[in-house]
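Enquirer: Below you'll find the structure I mean.
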Amino acid sequence: MNSIGENCNELKKQYDTCFNSWFAEKFLRGKTDDTMCAPLFKIYQQCVKDAMRDQNIEFKEIDSDHLGSDKEYKAPPSS
């Protein structure tokens with residue numbers, strides 16, 4: 001899948017490759033330190049934020065923590 005910003009596609013590919021390598025070679029073997037891809041992720045994340053801004057997409061919600069808050073989606077109670 002392509003990124004939201006066309007100019008972010010190569011960064012996404014690099015991050016996906018790093019993540020897949022980390023997942024297969026480290027995480028599945030019990031090594032949960034995920035810092036090896038963090039620099040690539042930060043660069044890719046900034047590119048996506050810039051692309052969203054360029055397309056007038058609000059991104060303030062992606063920086064909010066919804067888990068455990070009133071904003072967290074909850075299924076309606078069953079009758």
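Going by the structure tokens order, chains are called A, B, ..., each with residues numbered from 1, while ligands are numbered from 1 in the order shown.
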Write out as a PyMOL selection string each polymer residue whose atoms come within 8 Å of range 2-18 of chain A, counting only C-alpha atoms; drop sequence neighbours fewer than 4 positions from it.

Expert: chain A and resi 22+36-37+40-41+43-44+47-48+51-52

Enquirer: What is the distance, in Å and to one decimal place, between CA of Ala24 in chain A and CA of Gln45 in chain A?

Expert: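 Interatomic distance here is 22.3 Å.
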